[in-house]
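In what follows, a structure is listed as structure tokens, so that the remarks can point back to it.
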Amino acid sequence: MATTLVDINDLFMVLVEDYRLTALYQASVTNFNTYLEGFLMFAIEELDDICTQDLTYSIANQAFTATLTQRNKNMLAQLMTKYWMEKQVQDDLQMRVNVTDHDFKHTSMGANLKERSEVLNRKKEAISQLLIDYEYANNDWDSWDDQLYRP
């Protein structure tokens, strides 16, 4: 059975805590899935070059053509969190443009912008390491002995 958007979204939601996403899910599961599908598209693009499986995804069916391994599902969910976090930080930056420094310092989102940015940077580093580990684990090292390097 092919892996669906819901399969990946479930893993993603285990990794994040966002009351807005929960509210969106409660209001409309269809809108929730459509919204998260955008983050999945970015995740697919980033993982596609090194993935051991075909990541062809049908927007119409909201499913992959393949049944993904648990590792590949986890990688996509992790990558989705990176893009979701980038959006959160960008929302905070946009808020800063629209309010004065004094007002911004008194808003909860503005007060922790620096911390959010630092968390995002740590997440990017962790995901970068995950991608490196993934690629090393799936490299054909026997071919390297024969000096046949894959492109």
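Scheme for the structure tokens: letters A, B, ... for chains in order shown; per-chain residue numbers from 1; ligand numbers from 1 in order shown.
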Practice task
Find the residues near Lys73 in chain A: any atom within 9 Å, counting only C-alpha atoms, skip ones fewer than 4 places away on the same chain, and give them as a ChimeraX atom specification.
Solution key: /A:3,7-8,11,68-69,77-78
Keeping C-alpha atoms, export the residues of the selection given above as a JSON list (two decimals), in the first residue's frame.
[["chain", "number", "residue", "atom", "x", "y", "z"],
["A", 3, "THR", "CA", 2.42, 5.88, 1.67],
["A", 7, "ASP", "CA", 1.09, 8.95, 7.17],
["A", 8, "ILE", "CA", 3.71, 11.69, 6.92],
["A", 11, "LEU", "CA", 4.75, 11.75, 12.08],
["A", 68, "LEU", "CA", 8.14, 4.33, 1.83],
["A", 69, "THR", "CA", 10.33, 2.79, 4.49],
["A", 77, "ALA", "CA", 8.67, 14.48, 8.65],
["A", 78, "GLN", "CA", 11.92, 15.90, 10.04]]
Determine, for each residue of range 63-85 of chain A having at least one atom at most 7 Å from an atom of range 110-128 of chain A, the closest pair of atoms and their separation in Å to one decimal, counting only C-alpha atoms; order by chain and ascending number, as CSV.
residue,atom,partner,partner_atom,distance
A:Leu79,CA,A:Ile127,CA,6.9
A:Lys82,CA,A:Lys124,CA,6.5
A:Met85,CA,A:Leu120,CA,6.2
Problem - Filtered DSSP result for range 24-92 of chain A, state strand (DSSP E), as a ChimeraX atom specification - result: /A:57-58,63-64
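Separating CA of Lys87 in chain A from CA of Thr22 in chain A is a distance of 16.5 Å.
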Practice task
Write out as a count of residues only each polymer residue whose atoms come within 12 Å of Asp18 in chain A, counting only C-alpha atoms; drop sequence neighbours fewer than 4 positions from it.
Solution key: 11
